[in-house]
>>> print(open('coords.tsv').read())   # TSV, C-alpha atoms and all ligand atoms
chain	number	residue	atom	x	y	z
A	403	MET	CA	6.37	-26.99	-96.85
A	404	ALA	CA	10.16	-27.26	-96.38
A	405	MET	CA	10.01	-24.57	-93.70
A	406	MET	CA	7.35	-26.49	-91.83
A	407	ALA	CA	9.40	-29.69	-91.87
A	408	VAL	CA	12.45	-27.86	-90.51
A	409	SER	CA	10.57	-26.15	-87.73
A	410	SER	CA	8.88	-29.37	-86.66
A	411	ASN	CA	12.23	-31.22	-86.63
A	412	LEU	CA	13.66	-28.54	-84.42
A	413	ALA	CA	10.64	-28.71	-82.17
A	414	LEU	CA	11.14	-32.43	-81.80
A	415	LYS	CA	14.85	-32.33	-81.11
A	416	SER	CA	14.59	-29.69	-78.50
A	417	SER	CA	11.73	-31.35	-76.68
A	418	VAL	CA	13.40	-34.74	-76.11
A	419	SER	CA	14.03	-35.20	-72.42
A	420	LEU	CA	14.66	-37.92	-69.90
A	421	GLY	CA	11.22	-38.92	-68.86
A	422	LYS	CA	9.38	-41.35	-66.64
A	423	THR	CA	10.79	-44.54	-65.19
A	424	ASP	CA	8.84	-47.53	-66.32
A	425	PHE	CA	7.79	-50.26	-63.91
A	426	MET	CA	10.87	-52.37	-64.70
A	427	GLY	CA	13.01	-49.50	-63.45
A	428	LYS	CA	14.29	-48.44	-66.89
A	429	THR	CA	14.36	-44.76	-67.65
A	430	VAL	CA	12.70	-44.13	-70.97
A	431	LEU	CA	13.15	-41.29	-73.38
A	432	ARG	CA	10.08	-39.24	-73.77
A	433	GLN	CA	9.30	-36.60	-76.34
A	434	SER	CA	7.06	-33.87	-75.15
A	435	ALA	CA	3.90	-32.96	-77.03
A	436	ALA	CA	4.56	-29.29	-76.30
A	437	PRO	CA	6.00	-27.23	-79.16
A	438	ALA	CA	9.55	-26.04	-78.51
A	439	SER	CA	8.74	-22.45	-79.29
A	440	ALA	CA	5.64	-20.44	-79.79
A	441	LYS	CA	6.81	-19.76	-83.34
A	442	SER	CA	6.66	-23.41	-84.43
A	443	THR	CA	3.97	-23.82	-87.02
A	444	VAL	CA	3.81	-27.58	-86.70
A	445	SER	CA	4.44	-29.59	-83.59
A	446	LEU	CA	5.01	-33.27	-84.08
A	447	ALA	CA	3.99	-35.00	-80.92
A	448	VAL	CA	5.29	-38.50	-80.38
A	449	ARG	CA	4.00	-41.13	-78.00
A	450	ALA	CA	6.13	-42.33	-75.13
A	451	ALA	CA	8.91	-44.34	-76.72
A	452	GLY	CA	9.04	-47.04	-74.03
A	453	TYR	CA	6.25	-49.29	-75.23
A	454	GLU	CA	6.11	-48.54	-78.96
A	455	GLU	CA	7.63	-51.81	-80.19
A	456	GLU	CA	5.84	-53.91	-77.64
A	457	LEU	CA	2.44	-52.44	-78.57
A	458	VAL	CA	2.96	-53.33	-82.22
A	459	LYS	CA	4.07	-56.84	-81.29
A	460	THR	CA	1.12	-57.39	-78.94
A	461	ALA	CA	-1.37	-56.22	-81.56
A	462	LYS	CA	0.19	-58.56	-84.15
A	463	THR	CA	0.12	-61.50	-81.74
A	464	ILE	CA	-3.59	-60.97	-81.09
A	465	ALA	CA	-4.26	-60.54	-84.80
A	466	SER	CA	-2.64	-63.84	-85.72
A	467	PRO	CA	-4.10	-66.12	-88.43
A	468	GLY	CA	-6.99	-68.33	-87.37
A	469	ARG	CA	-7.33	-66.72	-83.95
A	470	GLY	CA	-9.56	-64.14	-82.29
A	471	ILE	CA	-10.59	-62.77	-78.90
A	472	LEU	CA	-12.76	-64.33	-76.21
A	473	ALA	CA	-14.60	-61.41	-74.59
A	474	MET	CA	-15.29	-62.52	-71.01
A	475	ASP	CA	-15.20	-59.06	-69.46
A	476	GLU	CA	-18.78	-58.83	-68.25
A	477	SER	CA	-19.02	-56.43	-65.34
A	478	ASN	CA	-20.22	-58.09	-62.14
A	479	ALA	CA	-23.75	-56.86	-62.87
A	480	THR	CA	-23.79	-58.30	-66.41
A	481	CYS	CA	-22.12	-61.52	-65.28
A	482	GLY	CA	-24.96	-61.74	-62.76
A	483	LEU	CA	-27.46	-61.69	-65.64
A	484	ARG	CA	-25.57	-64.49	-67.38
A	485	LEU	CA	-25.59	-66.55	-64.18
A	486	ALA	CA	-29.26	-65.78	-63.51
A	487	SER	CA	-30.12	-67.15	-66.97
A	488	ILE	CA	-29.01	-70.58	-65.71
A	489	GLY	CA	-30.47	-70.17	-62.22
A	490	LEU	CA	-27.27	-69.27	-60.36
A	491	GLU	CA	-26.76	-66.55	-57.78
A	492	ASN	CA	-24.39	-63.69	-58.57
A	493	THR	CA	-21.71	-64.56	-55.98
A	494	GLU	CA	-17.96	-64.20	-56.33
A	495	ALA	CA	-17.60	-67.99	-56.09
A	496	ASN	CA	-20.02	-68.55	-58.99
A	497	ARG	CA	-18.32	-65.91	-61.12
A	498	GLN	CA	-14.97	-67.54	-60.33
A	499	ALA	CA	-16.29	-71.02	-61.23
A	500	TYR	CA	-17.60	-69.77	-64.57
A	501	ARG	CA	-14.46	-67.86	-65.47
A	502	GLN	CA	-12.27	-70.72	-64.37
A	503	LEU	CA	-14.21	-73.00	-66.72
A	504	LEU	CA	-13.44	-70.63	-69.61
A	505	VAL	CA	-9.74	-69.96	-68.97
A	506	THR	CA	-8.82	-73.57	-68.19
A	507	THR	CA	-10.28	-74.99	-71.41
A	508	ARG	CA	-7.43	-77.05	-72.82
A	509	GLY	CA	-6.53	-76.31	-76.41
A	510	LEU	CA	-8.24	-72.91	-76.40
A	511	GLY	CA	-5.04	-71.11	-77.43
A	512	GLU	CA	-5.20	-72.70	-80.85
A	513	TYR	CA	-8.23	-70.53	-81.70
A	514	ILE	CA	-8.11	-67.74	-79.13
A	515	SER	CA	-5.28	-65.18	-79.07
A	516	GLY	CA	-6.61	-62.81	-76.41
A	517	ALA	CA	-9.15	-62.84	-73.56
A	518	ILE	CA	-10.72	-59.65	-72.22
A	519	LEU	CA	-11.18	-59.81	-68.46
A	520	PHE	CA	-13.13	-57.78	-65.95
A	521	GLU	CA	-10.96	-56.29	-63.17
A	522	GLU	CA	-12.13	-58.92	-60.67
A	523	THR	CA	-10.84	-61.73	-62.92
A	524	LEU	CA	-7.50	-60.03	-63.58
A	525	TYR	CA	-6.76	-60.28	-59.86
A	526	GLN	CA	-8.51	-63.63	-59.33
A	527	SER	CA	-7.13	-67.16	-59.06
A	528	THR	CA	-8.71	-70.50	-59.87
A	529	THR	CA	-9.86	-72.69	-57.00
A	530	ASP	CA	-6.48	-74.49	-57.31
A	531	GLY	CA	-4.69	-71.23	-56.62
A	532	LYS	CA	-3.45	-70.54	-60.14
A	533	LYS	CA	-3.81	-66.96	-61.33
A	534	MET	CA	-6.40	-66.72	-64.10
A	535	VAL	CA	-3.85	-64.62	-65.99
A	536	ASP	CA	-1.30	-67.47	-65.82
A	537	ALA	CA	-3.87	-69.99	-67.00
A	538	LEU	CA	-4.25	-67.83	-70.11
A	539	THR	CA	-0.60	-67.04	-70.83
A	540	GLU	CA	0.31	-70.74	-70.50
A	541	GLN	CA	-1.90	-71.26	-73.53
A	542	ASN	CA	-0.36	-68.35	-75.42
A	543	ILE	CA	-3.50	-66.24	-74.86
A	544	VAL	CA	-2.85	-62.56	-74.16
A	545	PRO	CA	-4.78	-61.23	-71.13
A	546	GLY	CA	-6.73	-58.01	-71.68
A	547	ILE	CA	-8.77	-55.78	-69.41
A	548	LYS	CA	-12.01	-53.82	-69.66
A	549	VAL	CA	-11.10	-50.33	-68.47
A	550	ASP	CA	-14.23	-48.29	-69.11
A	551	LYS	CA	-16.59	-47.56	-66.23
A	552	GLY	CA	-19.81	-48.03	-68.13
A	553	LEU	CA	-22.45	-45.85	-69.76
A	554	VAL	CA	-24.40	-42.98	-68.27
A	555	PRO	CA	-26.92	-40.52	-69.79
A	556	LEU	CA	-25.38	-37.81	-71.97
A	557	ALA	CA	-26.82	-34.49	-70.83
A	558	GLY	CA	-28.00	-32.31	-73.70
A	559	SER	CA	-28.43	-35.22	-76.11
A	560	ASN	CA	-31.38	-37.06	-77.52
A	561	ASN	CA	-31.58	-39.55	-74.65
A	562	GLU	CA	-28.17	-40.95	-75.62
A	563	SER	CA	-25.27	-42.05	-73.45
A	564	TRP	CA	-21.56	-41.52	-72.93
A	565	CYS	CA	-18.87	-43.73	-71.50
A	566	GLN	CA	-17.11	-42.94	-68.23
A	567	GLY	CA	-13.63	-43.95	-67.09
A	568	LEU	CA	-10.96	-41.43	-68.06
A	569	ASP	CA	-10.38	-40.17	-64.50
A	570	GLY	CA	-7.49	-42.11	-62.99
A	571	LEU	CA	-7.10	-44.18	-66.16
A	572	ALA	CA	-3.33	-43.63	-66.39
A	573	SER	CA	-2.66	-45.13	-62.98
A	574	ARG	CA	-5.21	-47.91	-63.46
A	575	THR	CA	-3.71	-48.96	-66.81
A	576	ALA	CA	-0.18	-48.91	-65.31
A	577	ALA	CA	-1.39	-51.21	-62.51
A	578	TYR	CA	-3.17	-53.53	-64.97
A	579	TYR	CA	0.04	-53.82	-67.00
A	580	LYS	CA	1.92	-54.89	-63.86
A	581	GLN	CA	-0.75	-57.48	-63.22
A	582	GLY	CA	-0.17	-58.99	-66.67
A	583	ALA	CA	-2.70	-57.26	-68.94
A	584	ARG	CA	-1.34	-56.30	-72.36
A	585	PHE	CA	-4.42	-54.90	-74.06
A	586	ALA	CA	-7.48	-52.92	-73.03
A	587	LYS	CA	-11.08	-52.45	-74.05
A	588	TRP	CA	-13.37	-49.43	-73.87
A	589	ARG	CA	-16.92	-49.90	-75.11
A	590	THR	CA	-19.01	-46.88	-75.90
A	591	VAL	CA	-22.28	-47.02	-77.81
A	592	ILE	CA	-24.09	-45.15	-80.55
A	593	SER	CA	-27.85	-45.45	-80.94
A	594	ILE	CA	-29.27	-44.99	-84.44
A	595	PRO	CA	-32.94	-44.56	-83.44
A	596	ASN	CA	-31.97	-41.87	-80.92
A	597	GLY	CA	-30.14	-39.82	-83.52
A	598	PRO	CA	-27.30	-40.29	-83.36
A	599	SER	CA	-26.68	-36.66	-82.42
A	600	ASP	CA	-23.50	-34.93	-83.47
A	601	LEU	CA	-22.78	-34.42	-79.79
A	602	ALA	CA	-23.01	-38.16	-79.01
A	603	VAL	CA	-20.75	-39.09	-81.94
A	604	THR	CA	-18.13	-36.50	-80.95
A	605	GLU	CA	-18.22	-37.52	-77.31
A	606	ALA	CA	-17.86	-41.21	-78.20
A	607	ALA	CA	-14.98	-40.58	-80.61
A	608	TRP	CA	-13.13	-38.21	-78.27
A	609	GLY	CA	-13.46	-40.54	-75.28
A	610	LEU	CA	-12.14	-43.46	-77.32
A	611	ALA	CA	-9.17	-41.41	-78.54
A	612	ARG	CA	-8.20	-40.20	-75.06
A	613	TYR	CA	-8.51	-43.72	-73.69
A	614	ALA	CA	-6.42	-45.10	-76.57
A	615	ALA	CA	-3.62	-42.58	-76.01
A	616	ILE	CA	-3.53	-43.22	-72.26
A	617	SER	CA	-3.56	-47.01	-72.73
A	618	GLN	CA	-0.68	-46.89	-75.23
A	619	ASP	CA	1.34	-44.67	-72.87
A	620	ASN	CA	1.04	-47.43	-70.29
A	621	GLY	CA	1.82	-50.39	-72.53
A	622	LEU	CA	-1.72	-51.62	-73.29
A	623	VAL	CA	-2.97	-52.06	-76.86
A	624	PRO	CA	-6.33	-50.29	-76.91
A	625	ILE	CA	-9.32	-51.98	-78.50
A	626	VAL	CA	-11.34	-49.14	-79.98
A	627	GLU	CA	-15.03	-50.03	-79.76
A	628	PRO	CA	-17.75	-47.60	-80.71
A	629	GLU	CA	-20.59	-50.12	-80.78
A	630	ILE	CA	-23.38	-49.09	-83.11
A	631	LEU	CA	-26.32	-50.78	-81.45
A	632	LEU	CA	-28.59	-53.15	-83.37
A	633	ASP	CA	-31.65	-51.42	-81.88
A	634	GLY	CA	-33.98	-49.88	-84.48
A	635	GLU	CA	-36.02	-50.53	-87.59
A	636	HIS	CA	-33.60	-48.85	-90.01
A	637	GLY	CA	-32.21	-50.57	-93.11
A	638	ILE	CA	-28.60	-51.52	-93.78
A	639	ASP	CA	-27.86	-48.35	-95.81
A	640	ARG	CA	-28.63	-46.20	-92.78
A	641	THR	CA	-26.30	-48.31	-90.63
A	642	LEU	CA	-23.50	-47.80	-93.16
A	643	GLU	CA	-24.10	-44.05	-93.23
A	644	VAL	CA	-23.92	-43.79	-89.42
A	645	ALA	CA	-20.90	-46.12	-89.20
A	646	GLU	CA	-19.00	-44.02	-91.74
A	647	LYS	CA	-19.62	-40.92	-89.69
A	648	VAL	CA	-18.65	-42.56	-86.41
A	649	TRP	CA	-15.41	-44.06	-87.76
A	650	ALA	CA	-14.41	-40.88	-89.59
A	651	ARG	CA	-14.63	-38.94	-86.36
A	652	THR	CA	-13.00	-41.67	-84.32
A	653	PHE	CA	-9.95	-41.81	-86.62
A	654	TYR	CA	-9.76	-38.04	-86.72
A	655	PHE	CA	-9.49	-37.86	-82.93
A	656	LEU	CA	-7.19	-40.90	-82.73
A	657	ALA	CA	-4.81	-39.04	-85.03
A	658	GLU	CA	-5.22	-35.78	-83.10
A	659	ASN	CA	-4.23	-37.66	-79.93
A	660	ASN	CA	-1.11	-39.13	-81.60
A	661	VAL	CA	-2.28	-42.70	-81.21
A	662	THR	CA	-0.05	-45.23	-83.00
A	663	PHE	CA	-2.35	-46.95	-85.48
A	664	GLU	CA	-0.08	-50.02	-85.71
A	665	GLY	CA	-0.65	-50.56	-81.98
A	666	ILE	CA	-4.45	-50.54	-81.82
A	667	LEU	CA	-7.20	-53.03	-82.58
A	668	LEU	CA	-10.74	-52.18	-83.62
A	669	LYS	CA	-13.93	-53.74	-82.37
A	670	PRO	CA	-16.68	-52.57	-84.71
A	671	SER	CA	-20.23	-53.75	-85.09
A	672	MET	CA	-20.90	-55.46	-88.39
A	673	VAL	CA	-22.95	-53.37	-90.78
A	674	THR	CA	-26.40	-54.98	-90.63
A	675	PRO	CA	-30.01	-53.76	-90.75
A	676	GLY	CA	-31.53	-52.75	-87.39
A	677	ALA	CA	-32.90	-55.64	-85.31
A	678	GLY	CA	-36.47	-54.44	-86.00
A	679	CYS	CA	-36.03	-54.02	-89.77
A	680	LYS	CA	-38.29	-56.26	-91.85
A	681	ASP	CA	-35.58	-56.77	-94.50
A	682	LYS	CA	-32.97	-59.22	-93.32
A	683	ALA	CA	-29.49	-59.31	-94.83
A	684	THR	CA	-27.62	-62.38	-96.02
A	685	PRO	CA	-24.04	-62.98	-94.83
A	686	GLU	CA	-22.85	-61.89	-98.30
A	687	GLU	CA	-24.70	-58.56	-97.97
A	688	VAL	CA	-23.39	-57.99	-94.44
A	689	ALA	CA	-19.87	-58.76	-95.68
A	690	LYS	CA	-20.20	-56.41	-98.65
A	691	TYR	CA	-21.45	-53.49	-96.56
A	692	THR	CA	-19.03	-54.07	-93.71
A	693	LEU	CA	-16.01	-54.34	-96.00
A	694	THR	CA	-17.15	-51.19	-97.80
A	695	LEU	CA	-17.13	-49.40	-94.44
A	696	LEU	CA	-13.68	-50.72	-93.54
A	697	LYS	CA	-12.16	-49.84	-96.91
A	698	ARG	CA	-13.57	-46.32	-96.76
A	699	ARG	CA	-12.62	-45.55	-93.19
A	700	VAL	CA	-9.87	-47.79	-91.74
A	701	PRO	CA	-6.20	-47.23	-92.62
A	702	PRO	CA	-4.26	-50.39	-93.54
A	703	ALA	CA	-1.80	-49.59	-90.72
A	704	VAL	CA	-4.38	-50.95	-88.27
A	705	PRO	CA	-3.47	-54.62	-87.78
A	706	GLY	CA	-6.73	-56.18	-86.64
A	707	ILE	CA	-10.48	-55.78	-86.89
A	708	MET	CA	-12.06	-57.87	-84.15
A	709	PHE	CA	-15.84	-57.75	-84.53
A	710	LEU	CA	-18.33	-57.84	-81.68
A	711	SER	CA	-21.37	-60.09	-82.03
A	712	GLY	CA	-23.92	-57.56	-80.73
A	713	GLY	CA	-26.85	-59.96	-80.22
A	714	GLN	CA	-26.52	-61.98	-83.42
A	715	SER	CA	-26.90	-65.74	-82.98
A	716	GLU	CA	-23.72	-67.74	-82.64
A	717	VAL	CA	-24.06	-69.18	-86.15
A	718	GLU	CA	-25.02	-65.84	-87.74
A	719	ALA	CA	-21.96	-64.11	-86.26
A	720	THR	CA	-19.73	-66.92	-87.55
A	721	LEU	CA	-21.32	-66.99	-91.02
A	722	ASN	CA	-20.96	-63.22	-91.39
A	723	LEU	CA	-17.30	-63.34	-90.38
A	724	ASN	CA	-16.69	-66.20	-92.80
A	725	ALA	CA	-18.29	-64.22	-95.65
A	726	MET	CA	-15.94	-61.29	-94.93
A	727	ASN	CA	-12.93	-63.55	-95.25
A	728	GLN	CA	-13.74	-64.90	-98.71
A	729	SER	CA	-11.36	-62.47	-100.35
A	730	PRO	CA	-8.12	-60.87	-99.17
A	731	ASN	CA	-8.21	-57.52	-97.38
A	732	PRO	CA	-5.48	-55.40	-95.74
A	733	TRP	CA	-6.30	-56.40	-92.16
A	734	HIS	CA	-6.74	-59.45	-89.98
A	735	VAL	CA	-10.57	-59.64	-89.92
A	736	SER	CA	-11.60	-61.67	-86.89
A	737	PHE	CA	-13.82	-61.89	-83.82
A	738	SER	CA	-14.00	-60.60	-80.27
A	739	TYR	CA	-17.28	-62.17	-79.27
A	740	ALA	CA	-18.87	-62.47	-75.86
A	741	ARG	CA	-22.44	-63.67	-76.40
A	742	ALA	CA	-21.66	-65.52	-79.67
A	743	LEU	CA	-18.95	-67.56	-77.93
A	744	GLN	CA	-20.53	-68.05	-74.52
A	745	ASN	CA	-24.21	-68.76	-75.06
A	746	THR	CA	-24.06	-72.53	-75.61
A	747	VAL	CA	-21.29	-72.83	-73.02
A	748	LEU	CA	-23.49	-71.37	-70.29
A	749	LYS	CA	-26.49	-73.45	-71.25
A	750	THR	CA	-24.38	-76.62	-71.26
A	751	TRP	CA	-22.72	-75.85	-67.93
A	752	LYS	CA	-25.84	-74.91	-65.91
A	753	GLY	CA	-23.57	-74.48	-62.87
A	754	GLN	CA	-23.05	-78.24	-62.46
A	755	PRO	CA	-19.49	-79.52	-61.87
A	756	GLU	CA	-20.17	-82.60	-63.99
A	757	ASN	CA	-20.98	-80.34	-66.95
A	758	VAL	CA	-17.68	-78.44	-66.91
A	759	VAL	CA	-16.00	-80.62	-69.53
A	760	PRO	CA	-18.99	-80.67	-71.94
A	761	ALA	CA	-19.21	-76.87	-71.54
A	762	GLN	CA	-15.51	-76.54	-72.34
A	763	ILE	CA	-16.05	-78.70	-75.43
A	764	ALA	CA	-18.88	-76.33	-76.42
A	765	LEU	CA	-16.48	-73.39	-76.05
A	766	LEU	CA	-13.86	-75.13	-78.20
A	767	THR	CA	-16.51	-75.89	-80.83
A	768	ARG	CA	-17.51	-72.22	-81.12
A	769	ALA	CA	-13.92	-71.00	-80.97
A	770	ARG	CA	-12.91	-73.43	-83.71
A	771	ALA	CA	-15.89	-72.43	-85.89
A	772	ASN	CA	-14.84	-68.78	-85.64
A	773	SER	CA	-11.22	-69.68	-86.25
A	774	LEU	CA	-12.30	-71.34	-89.49
A	775	ALA	CA	-14.42	-68.27	-90.32
A	776	GLN	CA	-11.34	-66.07	-89.79
A	777	LEU	CA	-9.68	-68.17	-92.47
A	778	GLY	CA	-12.80	-68.10	-94.67
A	779	LYS	CA	-13.24	-71.88	-94.37
A	780	TYR	CA	-16.35	-72.28	-92.18
A	781	SER	CA	-19.51	-74.16	-93.09
A	782	ALA	CA	-22.63	-74.12	-90.87
A	783	GLU	CA	-23.42	-77.74	-91.69
A	784	GLY	CA	-24.26	-79.73	-88.58
A	785	GLU	CA	-24.61	-76.68	-86.29
A	786	ALA	CA	-27.07	-77.16	-83.40
A	787	GLU	CA	-30.44	-75.35	-83.48
A	788	GLU	CA	-29.58	-73.67	-80.16
A	789	ALA	CA	-26.60	-71.95	-81.81
A	790	LYS	CA	-28.91	-70.38	-84.40
A	791	LYS	CA	-31.05	-68.49	-81.87
A	792	GLY	CA	-30.59	-64.71	-81.88
A	793	MET	CA	-29.60	-62.99	-78.63
A	794	PHE	CA	-30.63	-59.43	-79.33
A	795	GLN	CA	-31.86	-57.48	-76.30
A	796	ALA	CA	-32.94	-53.85	-76.46
A	797	ASN	CA	-30.82	-51.42	-74.41
A	798	TYR	CA	-28.17	-54.04	-73.73
A	799	SER	CA	-25.40	-52.91	-71.40
A	800	TYR	CA	-22.13	-54.62	-70.67
A	901	LIG	P1	-20.89	-59.20	-77.72
A	901	LIG	O1	-20.09	-60.07	-78.65
A	901	LIG	O2	-21.75	-59.97	-76.79
A	901	LIG	O3	-21.63	-58.13	-78.46
A	901	LIG	O4	-19.81	-58.49	-76.77
A	901	LIG	C1	-19.53	-57.14	-76.85
A	901	LIG	C2	-18.39	-56.73	-76.03
A	901	LIG	O5	-18.02	-55.58	-76.06
A	901	LIG	C3	-17.67	-57.70	-75.20
A	901	LIG	O6	-16.38	-57.24	-74.83
>>> encode(input="coords.tsv", output="structure tokens")
Amino acid sequence: MAMMAVSSNLALKSSVSLGKTDFMGKTVLRQSAAPASAKSTVSLAVRAAGYEEELVKTAKTIASPGRGILAMDESNATCGLRLASIGLENTEANRQAYRQLLVTTRGLGEYISGAILFEETLYQSTTDGKKMVDALTEQNIVPGIKVDKGLVPLAGSNNESWCQGLDGLASRTAAYYKQGARFAKWRTVISIPNGPSDLAVTEAAWGLARYAAISQDNGLVPIVEPEILLDGEHGIDRTLEVAEKVWARTFYFLAENNVTFEGILLKPSMVTPGAGCKDKATPEEVAKYTLTLLKRRVPPAVPGIMFLSGGQSEVEATLNLNAMNQSPNPWHVSFSYARALQNTVLKTWKGQPENVVPAQIALLTRARANSLAQLGKYSAEGEAEEAKKGMFQANYSY
């Protein structure tokens, strides 16, 4: 044991070298992952030192009490579906109008700590010429960026998929950082009815770990999101079993890739029965199962667990989050919802300029409800019927 510690120390010392120059022009010390000598039994690899402190700070800012993430990172294709649902064409101007409505909502920063953007929005301005990114940071909302390139069929699997986007990711994340992004998102999916096969779980976990390491090297806090889809007729116990397997492998590969756990955020699915299961779960059951998963699989070093809504209704997603926050736990347990924050907003807006303010009020209402749920203080009393409608869609892509 003592021998191993000595040889790894030596390996570290001898591999420190002057490394890359960051975008501010500072030269940062970098410690190489390569062992100093072939004889070393243990090689301690260390992430690039330049961003370490900042990553931890960013993650803590996003995981701040009573706040969560607004996921507005729909790809152009998915944004087109959102717009089509209210009869609008999928043009850049319509996407801009919708995103402008979201980011210019006054008071949003009280409940929202981070907003995930699609690349188009990261480089886009409002119609008044203000960068969308500036509209967010003015409200103390950290801009984030979706960096994955979507899902494609996984050859050799049981009709499952894998997530593309690692090629060129280092230079893309460096450019996104310069543009103001401070965190990243990569969404891969696991299908329970299709297996999940061992191959699909390994591929998902490995891809997430490589993405997380690359993002941290370039100053972005990675959101780690292996979404376990709601599709299927399975019960809640089966979801827990699959989730345990997926998270065990994900953390194994995150560690193998020397990812700093204090500088990541998780975006899990809540542990629920499949959408087609005849037994429904109460918020208390969902909370019990989901917290069991977290306690068994997630180290307390991880600062924030930001759940996705996955097709639950707005109220259901908020009630479940509230139930999870009834007792203390080691993390900040919060939200990173897209559908469960945006549904009523879209339906209120309908693409009409005169509806922008009512739609922004609808966004504030949902954001505030989830803020209260993060603090364990939400009640569904007085919620509109519209907000109780489920949004599950089979084979949903993002
Ligand atoms: P939903 O909350 O709609 O499931 O969003 C998932 C997601 O990954 C958005 O970034």
>>> closest_atom_pairs(input="coords.tsv", of="chain A", to="ligand LIG 901 (chain A)", cutoff="7 Å", atoms="only C-alpha atoms and all ligand atoms", output="JSON lines")
{"residue": "A:Ala473", "atom": "CA", "partner": "A:LIG901", "partner_atom": "O6", "distance": 4.5}
{"residue": "A:Met474", "atom": "CA", "partner": "A:LIG901", "partner_atom": "O6", "distance": 6.6}
{"residue": "A:Asp475", "atom": "CA", "partner": "A:LIG901", "partner_atom": "O6", "distance": 5.8}
{"residue": "A:Ile518", "atom": "CA", "partner": "A:LIG901", "partner_atom": "O6", "distance": 6.7}
{"residue": "A:Arg589", "atom": "CA", "partner": "A:LIG901", "partner_atom": "O5", "distance": 5.9}
{"residue": "A:Leu710", "atom": "CA", "partner": "A:LIG901", "partner_atom": "O1", "distance": 4.2}
{"residue": "A:Ser711", "atom": "CA", "partner": "A:LIG901", "partner_atom": "O1", "distance": 3.6}
{"residue": "A:Gly712", "atom": "CA", "partner": "A:LIG901", "partner_atom": "O3", "distance": 3.3}
{"residue": "A:Gly713", "atom": "CA", "partner": "A:LIG901", "partner_atom": "O3", "distance": 5.8}
{"residue": "A:Ser738", "atom": "CA", "partner": "A:LIG901", "partner_atom": "O1", "distance": 6.3}
{"residue": "A:Tyr739", "atom": "CA", "partner": "A:LIG901", "partner_atom": "O1", "distance": 3.6}
{"residue": "A:Ala740", "atom": "CA", "partner": "A:LIG901", "partner_atom": "O1", "distance": 3.9}
{"residue": "A:Arg741", "atom": "CA", "partner": "A:LIG901", "partner_atom": "O2", "distance": 3.8}
{"residue": "A:Ala742", "atom": "CA", "partner": "A:LIG901", "partner_atom": "O1", "distance": 5.8}
{"residue": "A:Tyr800", "atom": "CA", "partner": "A:LIG901", "partner_atom": "O5", "distance": 6.8}
>>> atom_distance(input="coords.tsv", atom1="CA of Leu632 (chain A)", atom2="CA of Ile594 (chain A)")
8.3 Å
>>> residues_around(input="coords.tsv", residues="Pro555 (chain A)", least_positions_apart="5", cutoff="10 Å", atoms="all atoms listed in the file", output="PDB file with C-alpha atoms, in the frame of the given file")
ATOM      1  CA  ASN A 560     -31.380 -37.060 -77.520  1.00  0.00           C
ATOM      2  CA  ASN A 561     -31.580 -39.550 -74.650  1.00  0.00           C
ATOM      3  CA  GLU A 562     -28.170 -40.950 -75.620  1.00  0.00           C
ATOM      4  CA  SER A 563     -25.270 -42.050 -73.450  1.00  0.00           C
ATOM      5  CA  TRP A 564     -21.560 -41.520 -72.930  1.00  0.00           C
ATOM      6  CA  CYS A 565     -18.870 -43.730 -71.500  1.00  0.00           C
TER       7      CYS A 565
END
>>> closest_residue(input="coords.tsv", among="A:Ala517, A:Ala789, A:Ala650, A:Val623", to="Thr750 (chain A)", atoms="only C-alpha atoms")
A:Ala789
>>> closest_residue(input="coords.tsv", among="A:Ala461, A:Ala725, A:Ala719, A:Ala615", to="Leu693 (chain A)", atoms="all atoms listed in the file")
A:Ala725
>>> atom_distance(input="coords.tsv", atom1="CA of Leu472 (chain A)", atom2="CA of Ile514 (chain A)")
6.5 Å
>>> atom_distance(input="coords.tsv", atom1="CA of Thr460 (chain A)", atom2="CA of Ile630 (chain A)")
26.2 Å
>>> residues_around(input="coords.tsv", residues="Leu642 (chain A)", least_positions_apart="4", cutoff="10 Å", atoms="all atoms listed in the file", output="list in words")
Gly637, Ile638, Glu646, Lys647, Val648, Met672, Val673, Thr674, Pro675, Tyr691, Thr692, Thr694 and Leu695 of chain A
>>> residues_around(input="coords.tsv", residues="Glu540 (chain A)", least_positions_apart="3", cutoff="12 Å", atoms="only C-alpha atoms", output="short mmCIF file (atom, residue, chain, number, x, y, z; two decimals) with C-alpha atoms, in the frame of the given file")
data_model
loop_
_atom_site.label_atom_id
_atom_site.label_comp_id
_atom_site.auth_asym_id
_atom_site.auth_seq_id
_atom_site.Cartn_x
_atom_site.Cartn_y
_atom_site.Cartn_z
CA VAL A 505 -9.74 -69.96 -68.97
CA THR A 506 -8.82 -73.57 -68.19
CA THR A 507 -10.28 -74.99 -71.41
CA ARG A 508 -7.43 -77.05 -72.82
CA GLY A 509 -6.53 -76.31 -76.41
CA LEU A 510 -8.24 -72.91 -76.40
CA GLY A 511 -5.04 -71.11 -77.43
CA GLU A 512 -5.20 -72.70 -80.85
CA SER A 515 -5.28 -65.18 -79.07
CA LYS A 532 -3.45 -70.54 -60.14
CA LYS A 533 -3.81 -66.96 -61.33
CA MET A 534 -6.40 -66.72 -64.10
CA VAL A 535 -3.85 -64.62 -65.99
CA ASP A 536 -1.30 -67.47 -65.82
CA ALA A 537 -3.87 -69.99 -67.00
CA ILE A 543 -3.50 -66.24 -74.86
CA VAL A 544 -2.85 -62.56 -74.16
CA PRO A 545 -4.78 -61.23 -71.13
#
>>> closest_residue(input="coords.tsv", among="A:Ala479, A:Ile488, A:Ala611, A:Ile625", to="Phe655 (chain A)", atoms="only C-alpha atoms")
A:Ala611
